[in-house]
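**Student:** Below is target26.pdb; it holds PDB, C-alpha atoms and all ligand atoms.
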```pdb
ATOM      1  CA  MET A   1      -9.994  -4.522  13.322  1.00  0.00           C
ATOM      2  CA  VAL A   2     -12.610  -1.871  13.647  1.00  0.00           C
ATOM      3  CA  LYS A   3     -12.960  -0.143  10.295  1.00  0.00           C
ATOM      4  CA  PRO A   4      -9.655   1.573   9.444  1.00  0.00           C
ATOM      5  CA  ARG A   5      -9.829   5.366   9.333  1.00  0.00           C
ATOM      6  CA  SER A   6      -7.321   5.482   6.504  1.00  0.00           C
ATOM      7  CA  VAL A   7      -5.900   3.017   4.004  1.00  0.00           C
ATOM      8  CA  CYS A   8      -2.686   3.478   2.062  1.00  0.00           C
ATOM      9  CA  VAL A   9      -2.810   2.052  -1.453  1.00  0.00           C
ATOM     10  CA  TYR A  10       0.444   1.049  -3.137  1.00  0.00           C
ATOM     11  CA  CYS A  11       0.110   0.585  -6.883  1.00  0.00           C
ATOM     12  CA  GLY A  12       1.668   1.322 -10.240  1.00  0.00           C
ATOM     13  CA  SER A  13       2.374   4.737 -11.653  1.00  0.00           C
ATOM     14  CA  SER A  14       1.617   3.222 -15.064  1.00  0.00           C
ATOM     15  CA  ASP A  15      -1.835   2.501 -16.445  1.00  0.00           C
ATOM     16  CA  ARG A  16      -0.598   0.420 -19.353  1.00  0.00           C
ATOM     17  CA  GLY A  17      -1.357  -2.891 -17.627  1.00  0.00           C
ATOM     18  CA  PRO A  18      -4.480  -4.989 -18.184  1.00  0.00           C
ATOM     19  CA  PRO A  19      -7.817  -3.110 -18.234  1.00  0.00           C
ATOM     20  CA  ALA A  20      -8.980  -5.289 -15.324  1.00  0.00           C
ATOM     21  CA  HIS A  21      -6.322  -3.632 -13.158  1.00  0.00           C
ATOM     22  CA  ARG A  22      -7.670  -0.189 -13.993  1.00  0.00           C
ATOM     23  CA  ASP A  23     -11.212  -1.365 -13.220  1.00  0.00           C
ATOM     24  CA  ALA A  24     -10.022  -2.729  -9.888  1.00  0.00           C
ATOM     25  CA  ALA A  25      -8.243   0.525  -9.017  1.00  0.00           C
ATOM     26  CA  ARG A  26     -11.419   2.452  -9.795  1.00  0.00           C
ATOM     27  CA  ARG A  27     -13.523   0.098  -7.696  1.00  0.00           C
ATOM     28  CA  LEU A  28     -11.174   0.319  -4.735  1.00  0.00           C
ATOM     29  CA  GLY A  29     -11.230   4.129  -4.793  1.00  0.00           C
ATOM     30  CA  GLY A  30     -15.029   4.076  -4.957  1.00  0.00           C
ATOM     31  CA  LEU A  31     -15.367   1.561  -2.138  1.00  0.00           C
ATOM     32  CA  LEU A  32     -13.047   3.507   0.163  1.00  0.00           C
ATOM     33  CA  ALA A  33     -15.043   6.686  -0.445  1.00  0.00           C
ATOM     34  CA  GLU A  34     -18.344   4.878   0.070  1.00  0.00           C
ATOM     35  CA  SER A  35     -17.065   3.401   3.317  1.00  0.00           C
ATOM     36  CA  GLY A  36     -15.830   6.725   4.667  1.00  0.00           C
ATOM     37  CA  ILE A  37     -12.213   5.535   4.693  1.00  0.00           C
ATOM     38  CA  GLU A  38      -9.517   8.077   3.818  1.00  0.00           C
ATOM     39  CA  LEU A  39      -7.250   7.120   0.909  1.00  0.00           C
ATOM     40  CA  VAL A  40      -3.536   7.771   1.388  1.00  0.00           C
ATOM     41  CA  PHE A  41      -1.436   7.395  -1.768  1.00  0.00           C
ATOM     42  CA  GLY A  42       1.698   8.534  -3.568  1.00  0.00           C
ATOM     43  CA  GLY A  43       0.188  11.766  -4.806  1.00  0.00           C
ATOM     44  CA  GLY A  44       0.583  11.293  -8.558  1.00  0.00           C
ATOM     45  CA  ARG A  45      -2.233  11.683 -11.027  1.00  0.00           C
ATOM     46  CA  VAL A  46      -0.800   9.073 -13.391  1.00  0.00           C
ATOM     47  CA  GLY A  47      -1.272   5.321 -13.561  1.00  0.00           C
ATOM     48  CA  LEU A  48      -3.327   3.160 -11.260  1.00  0.00           C
ATOM     49  CA  MET A  49      -2.585   5.589  -8.449  1.00  0.00           C
ATOM     50  CA  GLY A  50      -4.304   8.398 -10.316  1.00  0.00           C
ATOM     51  CA  ILE A  51      -7.269   6.156 -11.053  1.00  0.00           C
ATOM     52  CA  VAL A  52      -7.738   5.147  -7.387  1.00  0.00           C
ATOM     53  CA  ALA A  53      -7.500   8.785  -6.306  1.00  0.00           C
ATOM     54  CA  ASP A  54      -9.894  10.053  -8.986  1.00  0.00           C
ATOM     55  CA  ALA A  55     -12.455   7.394  -8.077  1.00  0.00           C
ATOM     56  CA  ALA A  56     -12.209   8.143  -4.360  1.00  0.00           C
ATOM     57  CA  MET A  57     -12.602  11.889  -5.010  1.00  0.00           C
ATOM     58  CA  ALA A  58     -15.523  11.271  -7.382  1.00  0.00           C
ATOM     59  CA  GLY A  59     -17.187   9.215  -4.645  1.00  0.00           C
ATOM     60  CA  GLY A  60     -16.878  12.086  -2.178  1.00  0.00           C
ATOM     61  CA  GLY A  61     -14.061  10.503  -0.177  1.00  0.00           C
ATOM     62  CA  ARG A  62     -11.107  12.081   1.568  1.00  0.00           C
ATOM     63  CA  VAL A  63      -7.848  11.649  -0.358  1.00  0.00           C
ATOM     64  CA  THR A  64      -4.359  12.501   0.844  1.00  0.00           C
ATOM     65  CA  GLY A  65      -1.474  12.393  -1.624  1.00  0.00           C
ATOM     66  CA  ILE A  66       2.122  12.440  -0.446  1.00  0.00           C
ATOM     67  CA  ILE A  67       4.741  13.242  -3.054  1.00  0.00           C
ATOM     68  CA  PRO A  68       8.403  14.215  -2.932  1.00  0.00           C
ATOM     69  CA  ASP A  69       9.356  17.531  -4.433  1.00  0.00           C
ATOM     70  CA  HIS A  70      11.418  16.028  -7.268  1.00  0.00           C
ATOM     71  CA  LEU A  71       8.595  13.708  -8.341  1.00  0.00           C
ATOM     72  CA  LEU A  72       5.976  16.407  -8.254  1.00  0.00           C
ATOM     73  CA  ARG A  73       6.547  17.222 -11.898  1.00  0.00           C
ATOM     74  CA  ALA A  74       7.640  13.791 -13.129  1.00  0.00           C
ATOM     75  CA  GLU A  75       4.561  12.059 -11.720  1.00  0.00           C
ATOM     76  CA  VAL A  76       2.415  15.092 -12.335  1.00  0.00           C
ATOM     77  CA  GLY A  77       1.163  15.747  -8.822  1.00  0.00           C
ATOM     78  CA  HIS A  78      -2.532  15.225  -8.455  1.00  0.00           C
ATOM     79  CA  ALA A  79      -4.187  18.644  -8.260  1.00  0.00           C
ATOM     80  CA  ARG A  80      -7.648  17.487  -7.254  1.00  0.00           C
ATOM     81  CA  VAL A  81      -7.155  15.737  -3.935  1.00  0.00           C
ATOM     82  CA  SER A  82      -8.278  16.768  -0.462  1.00  0.00           C
ATOM     83  CA  GLU A  83      -4.652  17.304   0.610  1.00  0.00           C
ATOM     84  CA  LEU A  84      -1.366  17.080  -1.290  1.00  0.00           C
ATOM     85  CA  LEU A  85       1.604  16.911   1.017  1.00  0.00           C
ATOM     86  CA  VAL A  86       4.925  17.725  -0.675  1.00  0.00           C
ATOM     87  CA  VAL A  87       7.894  16.263   1.178  1.00  0.00           C
ATOM     88  CA  PRO A  88      11.633  16.653   0.523  1.00  0.00           C
ATOM     89  CA  THR A  89      12.644  13.005   0.017  1.00  0.00           C
ATOM     90  CA  MET A  90      11.403   9.547  -0.993  1.00  0.00           C
ATOM     91  CA  HIS A  91      12.101   8.323   2.529  1.00  0.00           C
ATOM     92  CA  GLU A  92       9.964  11.020   4.069  1.00  0.00           C
ATOM     93  CA  ARG A  93       7.209  10.194   1.611  1.00  0.00           C
ATOM     94  CA  LYS A  94       7.180   6.546   2.628  1.00  0.00           C
ATOM     95  CA  GLU A  95       7.313   7.406   6.312  1.00  0.00           C
ATOM     96  CA  ALA A  96       4.466   9.916   5.986  1.00  0.00           C
ATOM     97  CA  MET A  97       2.388   7.388   4.036  1.00  0.00           C
ATOM     98  CA  PHE A  98       3.034   4.893   6.815  1.00  0.00           C
ATOM     99  CA  ARG A  99       2.224   7.270   9.671  1.00  0.00           C
ATOM    100  CA  ARG A 100      -1.035   8.476   8.157  1.00  0.00           C
ATOM    101  CA  SER A 101      -2.424   5.005   7.409  1.00  0.00           C
ATOM    102  CA  ASP A 102      -4.129   2.366   9.528  1.00  0.00           C
ATOM    103  CA  ALA A 103      -3.734  -0.365   6.885  1.00  0.00           C
ATOM    104  CA  PHE A 104      -2.075  -1.028   3.518  1.00  0.00           C
ATOM    105  CA  VAL A 105      -3.465  -2.413   0.286  1.00  0.00           C
ATOM    106  CA  VAL A 106      -1.240  -3.533  -2.583  1.00  0.00           C
ATOM    107  CA  LEU A 107      -2.521  -3.456  -6.167  1.00  0.00           C
ATOM    108  CA  PRO A 108      -0.463  -4.392  -9.236  1.00  0.00           C
ATOM    109  CA  GLY A 109       2.532  -2.192  -9.880  1.00  0.00           C
ATOM    110  CA  GLY A 110       6.222  -2.185 -10.700  1.00  0.00           C
ATOM    111  CA  ALA A 111       9.486  -1.736  -8.819  1.00  0.00           C
ATOM    112  CA  GLY A 112       8.234   1.249  -6.780  1.00  0.00           C
ATOM    113  CA  THR A 113       5.229  -0.756  -5.599  1.00  0.00           C
ATOM    114  CA  LEU A 114       7.497  -3.681  -4.710  1.00  0.00           C
ATOM    115  CA  ASP A 115       9.799  -1.394  -2.760  1.00  0.00           C
ATOM    116  CA  GLU A 116       6.930   0.155  -0.806  1.00  0.00           C
ATOM    117  CA  THR A 117       5.337  -3.233  -0.123  1.00  0.00           C
ATOM    118  CA  PHE A 118       8.519  -4.854   1.106  1.00  0.00           C
ATOM    119  CA  GLU A 119       9.395  -1.914   3.271  1.00  0.00           C
ATOM    120  CA  ILE A 120       6.082  -2.104   5.080  1.00  0.00           C
ATOM    121  CA  LEU A 121       6.358  -5.905   5.345  1.00  0.00           C
ATOM    122  CA  THR A 122       9.877  -5.795   6.747  1.00  0.00           C
ATOM    123  CA  TRP A 123       8.943  -3.056   9.219  1.00  0.00           C
ATOM    124  CA  ARG A 124       6.159  -5.353  10.416  1.00  0.00           C
ATOM    125  CA  GLN A 125       8.579  -8.290  10.551  1.00  0.00           C
ATOM    126  CA  LEU A 126      10.820  -6.165  12.786  1.00  0.00           C
ATOM    127  CA  ARG A 127       7.777  -5.431  14.985  1.00  0.00           C
ATOM    128  CA  LEU A 128       8.005  -1.719  14.273  1.00  0.00           C
ATOM    129  CA  HIS A 129       4.272  -1.748  13.584  1.00  0.00           C
ATOM    130  CA  ASP A 130       1.341  -4.129  13.486  1.00  0.00           C
ATOM    131  CA  LYS A 131      -0.914  -2.643  10.826  1.00  0.00           C
ATOM    132  CA  PRO A 132      -2.644  -5.033   8.400  1.00  0.00           C
ATOM    133  CA  ILE A 133      -1.316  -5.453   4.859  1.00  0.00           C
ATOM    134  CA  VAL A 134      -3.566  -6.816   2.105  1.00  0.00           C
ATOM    135  CA  ILE A 135      -2.098  -7.981  -1.202  1.00  0.00           C
ATOM    136  CA  VAL A 136      -4.705  -8.008  -3.971  1.00  0.00           C
ATOM    137  CA  ASP A 137      -3.668 -10.845  -6.259  1.00  0.00           C
ATOM    138  CA  LEU A 138      -5.691  -9.735  -9.286  1.00  0.00           C
ATOM    139  CA  GLY A 139      -5.672 -12.507 -11.883  1.00  0.00           C
ATOM    140  CA  GLY A 140      -2.686 -14.081 -10.113  1.00  0.00           C
ATOM    141  CA  TYR A 141      -0.502 -10.998 -10.753  1.00  0.00           C
ATOM    142  CA  TRP A 142       1.410 -11.391  -7.474  1.00  0.00           C
ATOM    143  CA  ARG A 143       1.722 -15.222  -7.672  1.00  0.00           C
ATOM    144  CA  PRO A 144       5.422 -15.185  -8.681  1.00  0.00           C
ATOM    145  CA  LEU A 145       6.163 -12.888  -5.738  1.00  0.00           C
ATOM    146  CA  LEU A 146       4.212 -15.092  -3.320  1.00  0.00           C
ATOM    147  CA  ASP A 147       6.093 -18.108  -4.706  1.00  0.00           C
ATOM    148  CA  LEU A 148       9.390 -16.329  -4.133  1.00  0.00           C
ATOM    149  CA  ILE A 149       8.367 -15.645  -0.536  1.00  0.00           C
ATOM    150  CA  GLU A 150       7.619 -19.385  -0.175  1.00  0.00           C
ATOM    151  CA  ARG A 151      11.096 -20.111  -1.531  1.00  0.00           C
ATOM    152  CA  THR A 152      12.695 -17.826   1.050  1.00  0.00           C
ATOM    153  CA  ILE A 153      10.821 -19.771   3.734  1.00  0.00           C
ATOM    154  CA  GLU A 154      11.718 -23.226   2.289  1.00  0.00           C
ATOM    155  CA  THR A 155      15.380 -22.268   2.226  1.00  0.00           C
ATOM    156  CA  ASN A 156      15.282 -20.866   5.761  1.00  0.00           C
ATOM    157  CA  TYR A 157      15.959 -17.264   4.772  1.00  0.00           C
ATOM    158  CA  ALA A 158      12.591 -16.321   6.197  1.00  0.00           C
ATOM    159  CA  ARG A 159      10.546 -17.826   8.992  1.00  0.00           C
ATOM    160  CA  PRO A 160       7.164 -19.434   8.283  1.00  0.00           C
ATOM    161  CA  ALA A 161       5.696 -16.647  10.415  1.00  0.00           C
ATOM    162  CA  PHE A 162       6.519 -14.243   7.573  1.00  0.00           C
ATOM    163  CA  ARG A 163       3.289 -15.540   5.997  1.00  0.00           C
ATOM    164  CA  ASP A 164       1.325 -14.060   8.890  1.00  0.00           C
ATOM    165  CA  LEU A 165       2.470 -10.537   8.023  1.00  0.00           C
ATOM    166  CA  TYR A 166       0.130 -10.166   5.059  1.00  0.00           C
ATOM    167  CA  MET A 167      -3.209 -11.332   3.715  1.00  0.00           C
ATOM    168  CA  VAL A 168      -3.801 -12.263   0.089  1.00  0.00           C
ATOM    169  CA  VAL A 169      -7.208 -11.659  -1.484  1.00  0.00           C
ATOM    170  CA  PRO A 170      -8.275 -12.377  -5.062  1.00  0.00           C
ATOM    171  CA  ASP A 171     -10.225  -9.216  -5.797  1.00  0.00           C
ATOM    172  CA  ILE A 172     -11.239  -5.774  -4.559  1.00  0.00           C
ATOM    173  CA  ASP A 173     -14.501  -6.933  -2.999  1.00  0.00           C
ATOM    174  CA  ALA A 174     -12.507  -9.038  -0.546  1.00  0.00           C
ATOM    175  CA  VAL A 175     -10.320  -6.162   0.673  1.00  0.00           C
ATOM    176  CA  LEU A 176     -12.573  -4.483   3.254  1.00  0.00           C
ATOM    177  CA  PRO A 177     -13.850  -7.812   4.681  1.00  0.00           C
ATOM    178  CA  ALA A 178     -10.211  -8.937   5.076  1.00  0.00           C
ATOM    179  CA  LEU A 179      -9.388  -5.738   6.955  1.00  0.00           C
ATOM    180  CA  ALA A 180     -12.495  -6.088   9.109  1.00  0.00           C
ATOM    181  CA  ALA A 181     -11.499  -9.660   9.995  1.00  0.00           C
ATOM    182  CA  SER A 182      -7.921  -8.808  10.925  1.00  0.00           C
ATOM    183  CA  PRO A 183      -7.167  -8.379  14.627  1.00  0.00           C
ATOM    184  CA  PRO A 184      -6.480  -4.868  15.890  1.00  0.00           C
ATOM    185  CA  PRO A 185      -2.774  -4.008  16.113  1.00  0.00           C
ATOM    186  CA  ALA A 186      -1.220  -5.709  19.133  1.00  0.00           C
ATOM    187  CA  LEU A 187       1.672  -3.260  19.185  1.00  0.00           C
ATOM    188  CA  PRO A 188       2.023   0.507  19.207  1.00  0.00           C
ATOM    189  CA  ASP A 189       4.004   1.991  16.296  1.00  0.00           C
ATOM    190  CA  PHE A 190       7.669   2.461  16.978  1.00  0.00           C
ATOM    191  CA  THR A 191       7.958   5.197  14.412  1.00  0.00           C
ATOM    192  CA  GLU A 192      10.931   6.764  16.165  1.00  0.00           C
ATOM    193  CA  LYS A 193      12.908   3.685  15.087  1.00  0.00           C
ATOM    194  CA  LEU A 194      12.100   3.936  11.388  1.00  0.00           C
TER
HETATM  195  P1  LIG B   1       5.848   1.812  -9.769  1.00  0.00           P
HETATM  196  O1  LIG B   1       5.208   0.615  -9.154  1.00  0.00           O
HETATM  197  O2  LIG B   1       7.296   1.559 -10.134  1.00  0.00           O
HETATM  198  O3  LIG B   1       5.067   2.409 -10.873  1.00  0.00           O
HETATM  199  O4  LIG B   1       5.930   2.893  -8.633  1.00  0.00           O
HETATM  200  C1  LIG B   1       4.823   3.138  -7.838  1.00  0.00           C
HETATM  201  C2  LIG B   1       5.126   4.206  -6.857  1.00  0.00           C
HETATM  202  O5  LIG B   1       6.344   3.926  -6.172  1.00  0.00           O
HETATM  203  C3  LIG B   1       5.316   5.574  -7.481  1.00  0.00           C
HETATM  204  O6  LIG B   1       4.657   6.517  -6.664  1.00  0.00           O
HETATM  205  C4  LIG B   1       6.782   5.814  -7.420  1.00  0.00           C
HETATM  206  O7  LIG B   1       7.106   7.164  -7.156  1.00  0.00           O
HETATM  207  C5  LIG B   1       7.214   5.023  -6.240  1.00  0.00           C
HETATM  208  N1  LIG B   1       8.583   4.594  -6.428  1.00  0.00           N
HETATM  209  C6  LIG B   1       9.224   4.401  -7.580  1.00  0.00           C
HETATM  210  N2  LIG B   1      10.490   4.012  -7.379  1.00  0.00           N
HETATM  211  C7  LIG B   1      10.660   3.980  -6.056  1.00  0.00           C
HETATM  212  C8  LIG B   1      11.752   3.668  -5.192  1.00  0.00           C
HETATM  213  N3  LIG B   1      12.929   3.315  -5.637  1.00  0.00           N
HETATM  214  N4  LIG B   1      11.548   3.732  -3.875  1.00  0.00           N
HETATM  215  C9  LIG B   1      10.356   4.073  -3.402  1.00  0.00           C
HETATM  216  N5  LIG B   1       9.290   4.365  -4.134  1.00  0.00           N
HETATM  217  C10 LIG B   1       9.443   4.340  -5.440  1.00  0.00           C
END
```
Output the file's structure in the form of structure tokens.

**Tutor:**
Amino acid sequence: MVKPRSVCVYCGSSDRGPPAHRDAARRLGGLLAESGIELVFGGGRVGLMGIVADAAMAGGGRVTGIIPDHLLRAEVGHARVSELLVVPTMHERKEAMFRRSDAFVVLPGGAGTLDETFEILTWRQLRLHDKPIVIVDLGGYWRPLLDLIERTIETNYARPAFRDLYMVVPDIDAVLPALAASPPPALPDFTEKL
């Protein structure tokens, strides 16, 4: 695709994982800023998400955080972003993150990251959108998940074409080239059906 205008990053709200994950989050934020690509994220200042946002802001990038009212305090809404959108519900947060982004990048995270990733994958499977999704498999973090996807295909619960819904890259440096190499969306968004 031509360079995305905005990239949504899904990642953990914890920063207690391996240091390499924090380094990667920092590098991704910096690269997005350097490339003039807006960062869209969950709006918290904690965890990997806070690190990506801080790095993008420090690099002079545009950063949009989207956080539901009830999480504003729990996740400690990020005060130093270009725009912090406070929405009433988790569903509206995910929809707003989707609408404002041309592509999605998945870093290590927990259940919330899994939920967000699978929602965007299943929306693509249902042909509700055709935006690229890049899973960054840092140090093999997502291998068990990718194996589980293979199992769903082997047992005929998913079609082999499910594999075409996402790209897997080993590190941050491969993210922007993967996005550049992905074809432009062949479908408009059917956001009214979300
Ligand atoms: P986690 O990967 O669990 O640290 O969560 C990462 C992000 O996902 C955070 O911004 C959370 O607010 C969000 N999140 C957590 N739980 C959920 C959920 N059940 N549905 C959607 N998003 C969630």

**Student:** Could you name the residues that touch Ile133 (chain A) at 9 Å or less, counting only C-alpha atoms, but leaving out those on the same chain fewer than 4 positions away, as number ranges by chain?

**Tutor:** A: 103-106, 117, 120-121, 165-168, 179

**Student:** What residues come out when you apply the PyMOL selection byres (((chain A and resi 182) around 10) and not hetatm) to this file, written as a ChimeraX atom specification?

**Tutor:** /A:1-2,131-133,167,176-181,183-185

**Student:** Pull the neighbourhood of (-15.5, 3.2, -2.0) for me: all residues within 10 Å in file coordinates, counting only C-alpha atoms, as a compact mmCIF listing (two decimals) with C-alpha atoms, in the frame of the given file.

**Tutor:**
```txt
# COMPACT_ATOMS: atom_id res chain seq x y z
CA ARG A 26 -11.42 2.45 -9.80
CA ARG A 27 -13.52 0.10 -7.70
CA LEU A 28 -11.17 0.32 -4.74
CA GLY A 29 -11.23 4.13 -4.79
CA GLY A 30 -15.03 4.08 -4.96
CA LEU A 31 -15.37 1.56 -2.14
CA LEU A 32 -13.05 3.51 0.16
CA ALA A 33 -15.04 6.69 -0.44
CA GLU A 34 -18.34 4.88 0.07
CA SER A 35 -17.07 3.40 3.32
CA GLY A 36 -15.83 6.72 4.67
CA ILE A 37 -12.21 5.54 4.69
CA GLU A 38 -9.52 8.08 3.82
CA LEU A 39 -7.25 7.12 0.91
CA VAL A 52 -7.74 5.15 -7.39
CA ALA A 55 -12.46 7.39 -8.08
CA ALA A 56 -12.21 8.14 -4.36
CA MET A 57 -12.60 11.89 -5.01
CA ALA A 58 -15.52 11.27 -7.38
CA GLY A 59 -17.19 9.22 -4.64
CA GLY A 60 -16.88 12.09 -2.18
CA GLY A 61 -14.06 10.50 -0.18
CA LEU A 176 -12.57 -4.48 3.25
```

**Student:** For ligand LIG 1 (chain B), which of A:Thr152, A:Thr122, A:Ser14, A:Ser6 is the closest residue, counting all atoms listed in the file?

**Tutor:**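 The closest residue to ligand LIG 1 (chain B) is A:Ser14.
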
**Student:** Given the file shown, enumerate the residues that the PyMOL selection byres (((not hetatm)) within 12 of (chain B and resi 1)) captures and present them as a count of residues only.

**Tutor:** 58

**Student:** The PyMOL selection byres (((chain A and resi 138) around 10) and not hetatm) - which residues does that actually catch in the file I just gave you? List them as JSON, numbers by chain.

**Tutor:** {"A": [20, 21, 24, 107, 108, 135, 136, 137, 139, 140, 141, 142, 143, 168, 169, 170, 171, 172]}

**Student:** Which of these residues is nearest to Pro19 (chain A), using only C-alpha atoms: A:Val134, A:Leu84, A:Ile51, A:Val7?

**Tutor:**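 So, comparing all the options, the nearest one is A:Ile51.
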
**Student:** How big is the axis-aligned box, and where does its centre sit, when it encloses all atoms of region 176-179 of chain A listed in the file and has 8 Å added on every side, reported in Å to one decimal as AutoDock Vina command-line options?

**Tutor:**
```
--center_x -11.6 --center_y -6.7 --center_z 5.1 --size_x 20.5 --size_y 20.5 --size_z 19.7
```

**Student:** Please, what distance in Å, to one decimal, runs between CA of Leu145 (chain A) and CA of Ala158 (chain A)?

**Tutor:**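 Calculated distance between CA of Leu145 (chain A) and CA of Ala158 (chain A) is 14.0 Å.
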
**Student:** In Å, with one decimal, what is the gap from CA of His129 (chain A) to CA of Arg99 (chain A)?

**Tutor:**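 One can read the CA of His129 (chain A) to CA of Arg99 (chain A) distance as 10.0 Å.
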
**Student:** For Arg80 (chain A), which of A:Ser101, A:Leu128, A:Ala96, A:Asp54 is the closest residue, counting only C-alpha atoms?

**Tutor:**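 Comparing A:Ser101, A:Leu128, A:Ala96, A:Asp54 against Arg80 (chain A), the winner is A:Asp54.
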
**Student:** To one decimal in Å, tell me the separation between CA of Asp189 (chain A) and CA of Pro4 (chain A).

**Tutor:** 15.3 Å

**Student:** Please, can region 4-16 of chain A be completed to N, CA and C atoms and returned as an mmCIF file, in the coordinates of the input?

**Tutor:**
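Written out: out07.cif:
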```
data_model
loop_
_atom_site.group_PDB
_atom_site.id
_atom_site.type_symbol
_atom_site.label_atom_id
_atom_site.label_comp_id
_atom_site.auth_asym_id
_atom_site.auth_seq_id
_atom_site.Cartn_x
_atom_site.Cartn_y
_atom_site.Cartn_z
ATOM 1 N N PRO A 4 -10.779 0.631 9.430
ATOM 2 C CA PRO A 4 -9.655 1.573 9.444
ATOM 3 C C PRO A 4 -10.134 2.974 9.091
ATOM 4 N N ARG A 5 -9.477 3.985 9.692
ATOM 5 C CA ARG A 5 -9.829 5.366 9.333
ATOM 6 C C ARG A 5 -9.209 5.722 7.980
ATOM 7 N N SER A 6 -8.031 5.144 7.742
ATOM 8 C CA SER A 6 -7.321 5.482 6.504
ATOM 9 C C SER A 6 -6.615 4.246 5.968
ATOM 10 N N VAL A 7 -6.573 4.148 4.660
ATOM 11 C CA VAL A 7 -5.900 3.017 4.004
ATOM 12 C C VAL A 7 -4.917 3.577 2.982
ATOM 13 N N CYS A 8 -3.700 3.098 3.047
ATOM 14 C CA CYS A 8 -2.686 3.478 2.062
ATOM 15 C C CYS A 8 -2.730 2.464 0.918
ATOM 16 N N VAL A 9 -2.810 2.952 -0.297
ATOM 17 C CA VAL A 9 -2.810 2.052 -1.453
ATOM 18 C C VAL A 9 -1.483 2.213 -2.182
ATOM 19 N N TYR A 10 -0.773 1.099 -2.325
ATOM 20 C CA TYR A 10 0.444 1.049 -3.137
ATOM 21 C C TYR A 10 0.062 0.450 -4.479
ATOM 22 N N CYS A 11 0.439 1.114 -5.557
ATOM 23 C CA CYS A 11 0.110 0.585 -6.883
ATOM 24 C C CYS A 11 0.944 1.298 -7.933
ATOM 25 N N GLY A 12 0.814 0.840 -9.168
ATOM 26 C CA GLY A 12 1.668 1.322 -10.240
ATOM 27 C C GLY A 12 1.429 2.772 -10.624
ATOM 28 N N SER A 13 2.507 3.392 -11.101
ATOM 29 C CA SER A 13 2.374 4.737 -11.653
ATOM 30 C C SER A 13 2.147 4.664 -13.171
ATOM 31 N N SER A 14 1.973 3.426 -13.655
ATOM 32 C CA SER A 14 1.617 3.222 -15.064
ATOM 33 C C SER A 14 0.166 2.738 -15.134
ATOM 34 N N ASP A 15 -0.492 3.069 -16.245
ATOM 35 C CA ASP A 15 -1.835 2.501 -16.445
ATOM 36 C C ASP A 15 -1.845 1.665 -17.721
ATOM 37 N N ARG A 16 -0.661 1.189 -18.105
ATOM 38 C CA ARG A 16 -0.598 0.420 -19.353
ATOM 39 C C ARG A 16 -0.721 -1.084 -19.113
#
```
